[in-house]
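*Asks:* My structure file data.cif, mmCIF, C-alpha atoms, is below:
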data_protein
loop_
_atom_site.label_atom_id
_atom_site.label_comp_id
_atom_site.auth_asym_id
_atom_site.auth_seq_id
_atom_site.Cartn_x
_atom_site.Cartn_y
_atom_site.Cartn_z
CA MET A 1 0.30 1.01 -22.58
CA THR A 2 2.33 4.13 -23.04
CA THR A 3 5.88 4.61 -21.89
CA THR A 4 4.57 6.74 -19.02
CA ASP A 5 2.23 3.88 -18.02
CA TRP A 6 5.13 1.44 -17.94
CA ILE A 7 7.39 3.80 -15.99
CA THR A 8 4.80 4.61 -13.33
CA ASP A 9 3.67 0.98 -12.96
CA ILE A 10 7.24 -0.28 -12.66
CA ALA A 11 8.15 2.56 -10.29
CA LEU A 12 5.26 1.58 -8.01
CA VAL A 13 6.37 -2.06 -8.05
CA LEU A 14 9.99 -1.12 -7.35
CA VAL A 15 9.21 1.21 -4.42
CA VAL A 16 9.10 -1.71 -2.00
CA PHE A 17 12.40 -3.15 -3.24
CA ARG A 18 14.04 0.01 -1.96
CA GLN A 19 12.91 -1.07 1.49
CA LEU A 20 14.12 -4.67 1.27
CA ARG A 21 17.36 -3.49 2.76
CA GLU A 22 17.09 -1.86 6.13
CA ASP A 23 17.25 1.91 6.02
CA ARG A 24 16.25 4.91 8.10
CA LEU A 25 12.55 5.70 8.21
CA SER A 26 12.42 9.28 7.03
CA LEU A 27 10.13 11.73 5.33
CA THR A 28 11.42 10.40 2.00
CA SER A 29 10.07 6.96 2.93
CA TYR A 30 6.62 8.51 2.85
CA LEU A 31 7.01 11.08 0.09
CA ILE A 32 8.32 8.87 -2.72
CA PRO A 33 5.35 6.45 -2.84
CA LEU A 34 2.87 9.28 -2.17
CA GLY A 35 4.41 11.32 -4.97
CA ILE A 36 4.15 8.46 -7.43
CA VAL A 37 0.49 7.75 -6.66
CA ALA A 38 -0.31 11.48 -6.69
CA PHE A 39 1.20 11.63 -10.18
CA VAL A 40 -0.79 8.58 -11.26
CA ALA A 41 -4.02 9.98 -9.80
CA SER A 42 -3.53 13.38 -11.40
CA HIS A 43 -2.89 11.85 -14.82
CA TYR A 44 -5.41 9.02 -14.90
CA LEU A 45 -8.24 9.78 -12.48
CA ARG A 46 -10.62 11.97 -14.47
CA SER A 47 -13.84 11.05 -12.70
CA VAL A 48 -15.37 8.56 -10.32
CA PRO A 49 -18.38 7.09 -12.13
CA THR A 50 -21.34 6.30 -9.92
CA ALA A 51 -23.88 4.76 -12.29
CA GLY A 52 -24.83 1.08 -12.35
CA ASN A 53 -22.46 -1.01 -10.24
CA ASP A 54 -19.47 1.28 -10.79
CA LEU A 55 -19.24 2.10 -7.08
CA VAL A 56 -19.41 -1.59 -6.19
CA LEU A 57 -16.40 -2.25 -8.44
CA ILE A 58 -14.56 0.77 -7.06
CA GLY A 59 -15.41 -0.11 -3.46
CA THR A 60 -14.30 -3.71 -3.93
CA LEU A 61 -10.92 -2.74 -5.34
CA VAL A 62 -10.44 0.03 -2.75
CA ALA A 63 -11.16 -2.54 0.00
CA ALA A 64 -8.62 -4.91 -1.58
CA GLY A 65 -6.09 -2.06 -1.70
CA ALA A 66 -6.72 -1.26 1.97
CA ALA A 67 -6.29 -4.90 2.99
CA LEU A 68 -3.06 -5.20 1.00
CA GLY A 69 -1.75 -1.90 2.38
CA ILE A 70 -2.49 -2.69 6.02
CA ALA A 71 -1.05 -6.19 5.73
CA GLY A 72 2.02 -4.82 3.96
CA GLY A 73 2.52 -2.28 6.74
CA ILE A 74 2.17 -4.97 9.39
CA PHE A 75 4.76 -7.17 7.68
CA THR A 76 7.26 -4.31 7.51
CA ARG A 77 9.82 -4.42 10.32
CA ILE A 78 10.34 -1.20 12.25
CA ARG A 79 12.93 -0.94 15.00
CA ALA A 80 14.70 1.73 16.94
CA ALA A 81 18.44 2.18 16.59
CA GLY A 82 19.58 4.96 18.84
CA GLU A 83 17.81 8.14 17.82
CA HIS A 84 16.58 6.73 14.52
CA LEU A 85 13.93 4.31 13.37
CA LEU A 86 14.92 1.69 10.84
CA ILE A 87 12.51 0.11 8.40
CA LYS A 88 12.77 -3.05 6.38
CA ALA A 89 10.10 -4.62 4.23
CA GLY A 90 9.86 -8.32 4.89
CA ALA A 91 9.28 -10.93 2.21
CA ALA A 92 5.54 -11.00 2.94
CA SER A 93 5.32 -7.21 2.69
CA ALA A 94 7.18 -7.21 -0.61
CA LEU A 95 5.03 -10.03 -1.96
CA LEU A 96 1.80 -8.21 -1.03
CA TRP A 97 3.06 -4.98 -2.57
CA VAL A 98 4.08 -6.65 -5.82
CA LEU A 99 0.80 -8.57 -5.86
CA GLY A 100 -1.24 -5.38 -5.58
CA MET A 101 0.80 -3.18 -7.88
CA GLY A 102 1.65 -5.98 -10.29
CA ALA A 103 -1.98 -7.11 -10.61
CA ARG A 104 -2.93 -3.71 -11.96
CA MET A 105 -0.11 -3.80 -14.48
CA VAL A 106 -0.97 -7.35 -15.58
CA PHE A 107 -4.65 -6.39 -15.95
CA GLN A 108 -3.71 -3.41 -18.09
CA VAL A 109 -1.44 -5.48 -20.33
CA TRP A 110 -4.11 -8.19 -20.64
CA VAL A 111 -6.77 -5.63 -21.65
CA ASP A 112 -4.41 -4.11 -24.22
CA HIS A 113 -3.57 -7.53 -25.68
CA GLY A 114 -6.86 -9.32 -26.14
CA GLY A 115 -8.73 -9.09 -22.86
CA ALA A 116 -10.80 -6.00 -23.70
CA ASP A 117 -13.73 -8.05 -25.02
CA ASP A 118 -13.80 -10.16 -21.85
CA VAL A 119 -13.77 -7.03 -19.68
CA ALA A 120 -16.54 -5.51 -21.81
CA ARG A 121 -18.70 -8.64 -21.41
CA PHE A 122 -18.04 -8.70 -17.66
CA SER A 123 -18.89 -5.01 -17.45
CA VAL A 124 -22.19 -5.44 -19.30
CA THR A 125 -23.15 -8.50 -17.25
CA HIS A 126 -22.36 -6.72 -13.97
CA HIS A 127 -23.70 -3.27 -14.93
CA ILE A 128 -20.35 -1.48 -14.92
CA THR A 129 -21.08 1.47 -17.14
CA THR A 130 -17.75 2.71 -18.54
CA GLY A 131 -14.06 2.02 -18.81
CA ASP A 132 -13.60 5.03 -16.54
CA ALA A 133 -15.00 2.93 -13.70
CA TRP A 134 -12.15 0.43 -14.18
CA VAL A 135 -9.58 3.23 -14.32
CA ALA A 136 -10.98 4.86 -11.17
CA ALA A 137 -11.15 1.51 -9.37
CA PHE A 138 -7.53 0.59 -10.09
CA VAL A 139 -6.13 4.08 -9.44
CA LEU A 140 -8.04 4.36 -6.16
CA MET A 141 -6.94 0.83 -5.24
CA ALA A 142 -3.29 1.86 -5.71
CA LEU A 143 -3.80 5.09 -3.81
CA THR A 144 -5.53 3.27 -0.96
CA GLU A 145 -2.84 0.59 -0.80
CA VAL A 146 -0.09 3.19 -0.56
CA VAL A 147 -1.88 5.39 1.97
CA THR A 148 -2.94 2.50 4.25
CA ARG A 149 0.52 0.92 4.13
CA LEU A 150 2.16 4.22 5.02
CA ALA A 151 -0.43 4.95 7.71
CA THR A 152 0.18 1.51 9.23
CA ILE A 153 3.93 2.08 9.16
CA PHE A 154 3.48 5.52 10.72
CA ILE A 155 1.28 4.18 13.54
CA ARG A 156 3.67 1.31 14.19
CA SER A 157 6.65 3.70 14.19
CA ARG A 158 4.94 5.87 16.81
CA MET A 159 4.38 2.75 18.92
CA VAL A 160 8.10 1.91 18.71
CA VAL A 161 8.98 5.47 19.74
CA ARG A 162 6.52 5.33 22.64
CA GLU A 163 7.97 2.01 23.82
CA GLN A 164 11.44 3.57 23.75
CA ARG A 165 10.29 6.46 25.94
CA ILE A 166 8.51 4.39 28.59
CA PRO A 167 11.09 3.28 31.10
CA THR A 168 10.61 -0.17 32.45
CA ALA A 169 9.89 0.12 36.13
CA PRO A 170 11.36 -2.51 38.40
CA ARG A 171 8.80 -5.00 39.61
CA PRO A 172 7.95 -4.74 43.29
CA ALA A 173 9.26 -7.50 45.45
CA ALA A 174 6.74 -10.10 46.49
CA VAL A 175 5.05 -9.30 49.76
CA LEU A 176 4.76 -12.16 52.18
CA ASP A 177 1.58 -12.45 54.17
CA ARG A 178 2.74 -13.21 57.71
CA THR A 179 -0.69 -13.04 59.30
CA ALA A 180 -1.47 -16.66 58.65
#
Using structure tokens, write down the structure from this file.

*Replies:*
Amino acid sequence: MTTTDWITDIALVLVVFRQLREDRLSLTSYLIPLGIVAFVASHYLRSVPTAGNDLVLIGTLVAAGAALGIAGGIFTRIRAAGEHLLIKAGAASALLWVLGMGARMVFQVWVDHGGADDVARFSVTHHITTGDAWVAAFVLMALTEVVTRLATIFIRSRMVVREQRIPTAPRPAAVLDRTA
């Protein structure tokens, strides 16, 4: 792993720790993680191999990224405070984020330090044609996790705003039926 690899992987893991303390939901809340994954995608995603079972591998990891992202967004608290929305990642959200982002980093370290032969055997057995398939799968997993988490947070934030705008109407008094 290069220094850039370490910095980007650690930055992705640390993004959620920024949200462990409650803070305003702002454009920056969306742009920082999107910027990091855009950088990662632009530097590492050269192609999306489609031969053999490459798309199965990619699809599986993208689905895992989507599940982690949606769950992470659900376990992030969003509340209104006056004119602002506040966001705070809960323990479950942080755990899911670290699990997803950390798993990629651990996999990369393992491959660099003795796991390459195991990955090669797995790839041959399961008809994964190149190392580029693994790179694409993990980069797209990270991208999907970030985008689905942010989309979930955005949708939930709009729901909080909508709930703030809908005034609670008083309930009508019970009507007695006096015809009996």

*Asks:* Can you list, as a ChimeraX atom specification, the residues that the PyMOL selection byres ((chain A and resi 153) around 9) selects here?

*Replies:* /A:70,72-74,76-78,87,148-152,154-158

*Asks:* Excluding same-chain residues fewer than 6 positions from range 126-131 of chain A, what lies within 8 Å of it counting only C-alpha atoms, as a PDB file with C-alpha atoms, keeping the file's coordinate frame?

*Replies:*
ATOM      1  CA  PRO A  49     -18.380   7.090 -12.130  1.00  0.00           C
ATOM      2  CA  ALA A  51     -23.880   4.760 -12.290  1.00  0.00           C
ATOM      3  CA  GLY A  52     -24.830   1.080 -12.350  1.00  0.00           C
ATOM      4  CA  ASN A  53     -22.460  -1.010 -10.240  1.00  0.00           C
ATOM      5  CA  ASP A  54     -19.470   1.280 -10.790  1.00  0.00           C
ATOM      6  CA  LEU A  57     -16.400  -2.250  -8.440  1.00  0.00           C
TER       7      LEU A  57
END

*Asks:* Report as a PyMOL selection string the residues that result from applying the PyMOL selection byres ((chain A and resi 23-35) around 8) to the structure here.

*Replies:* chain A and resi 12+15+19+21-22+36-39+84-88+146-147+150

*Asks:* At what distance in Å, to one decimal, does CA of Ser93 in chain A lie from CA of Trp134 in chain A?

*Replies:*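 Computing the Euclidean distance for CA of Trp134 in chain A and CA of Ser93 in chain A yields 25.5 Å.
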
*Asks:* Kindly resolve the PyMOL selection byres ((chain A and resi 1) around 9) on the present coordinates and return the residues as a VMD selection string.

*Replies:* chain A and resid 2 to 6 108 to 109 112

*Asks:* Quick one: distance from CA of Ala133 in chain A to CA of His113 in chain A in Å, one decimal?

*Replies:* 19.6 Å

*Asks:* Show me the residues close to (-6.9, -6.3, 1.9) - anything with an atom within 12 Å, counting only C-alpha atoms - and format the list as a VMD selection string.

*Replies:* chain A and resid 59 to 74 96 to 97 99 to 100 141 to 142 144 to 146 148 to 149
